Every structure is written in structure tokens, then in C-alpha cells.
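Structure first, commentary second.
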Amino acid sequence: MITIIQRVSTAKVTVNHQDIGKIDTGIMALVAVEKADTEKDAQRLLERILNYRIFPDSDDRMNLSLRDINGGLLLIPQFTLAADTEKGNRPSFISAAPPEQGKKLFDYLQQVAKQTYPNVEFGQFGADMQVSLVNNGPVTFTLRTH
């Protein structure tokens, strides 16, 4: 699995002009599922997101995790992260999971996230979403499970 996490002051996702997920201080994570990914990858990715130290401590050093600050988590499915962009002018999605597999693993990630962390919101798999955020820093990282 691949994710781009961004430390945010606020973030929200809208579908059909309706906000379906919104957080204040926390992490907005764009998540892609690749063909070889399993439930174990989803669990590992969630643990990395929750424990990745990207928030400032009292010395203004990135030393605190999302759990440490009890911040919000907004998980948004985005299959385009799995694109191969090495050649040409058109992305290839050969490594991306097919939609059924991607939805199944994103649904599993949602289920585990709800059970693991109290302040979590979600985008909608397969929907045309509008995402807005204020990137705090800016602070942005790419995490992979493979």
C-alpha cells in the first residue's frame, strides 16, 4: 500500500456538494492499494500513520505522533498513487489493485481504523471527491508497506 500523509490544520472531503469527512489538526492520508497488498499491509500502514512522528514537541522538533496529540485522521482512497510514471506522458496503472480488491482493502482499513483510533473520518471509494486542506508546514511524506 502507498500513502501520502500531510500534516494539516484542517481537511475535508466532499461528495455531491456534501461534506462526508472533516478533521481539524491531524493527518490527511491519500491511500492507494496495489495488487500484492493484503490485510496485513493495511494494518501495518495504519500503525505507521498513527505512530509517525510529524508533529512538533515543546522544542519545535517533529517528535510527536498523531496518537500523541490525539489529532484527527482523514483517510481518502486514491488509486492514482499506484501509477507508474517512469515513461511517456500517460500514467500506467498496471500495479494498482483492481477496483474490487482496492475497495475490499480500503473497507478493511476503515474497519480497523474505526476499531483502533477514535478520531477518524473517511473519503468514499470510487466517488468523485473534492478534497480541501490546509497543509501545516508544509509537511508531507510518502509511506509504503513494501
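As shown in the C-alpha cells, the chain order sets the letters A, B, ...; within each chain, residues go from 1, and ligands are also counted from 1 in the order they appear.
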
Which of range 41-146 of chain A counts as strand (DSSP E or B) under DSSP, as an NGL selection string please? :A and (55-56 or 62-64 or 72-77 or 84 or 92 or 96 or 120-122 or 129-144)

Within 6 Å of range 128-144 of chain A, counting only C-alpha atoms, which residues show up once you throw out same-chain ones fewer than 5 positions away? Write them as a ChimeraX atom specification, please. /A:1-15

Could you list, as number ranges by chain, every residue within 10 Å of range 77-87 of chain A, counting only C-alpha atoms and ignoring same-chain residues fewer than 4 positions away? A: 1-4, 29-35, 91-99, 102-103, 106-107, 122-127, 129, 142

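The shortest atom-to-atom distance to Tyr108 in chain A, with only C-alpha atoms taken into account, belongs to A:Gln43 out of A:Asn70, A:Ser65, A:Thr145, A:Gln43.
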
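When only C-alpha atoms are used to compute distances to Val120 in chain A, the closest of the residues A:Ala42, A:Ile27, A:Ile54, A:Leu105 turns out to be A:Ile27.
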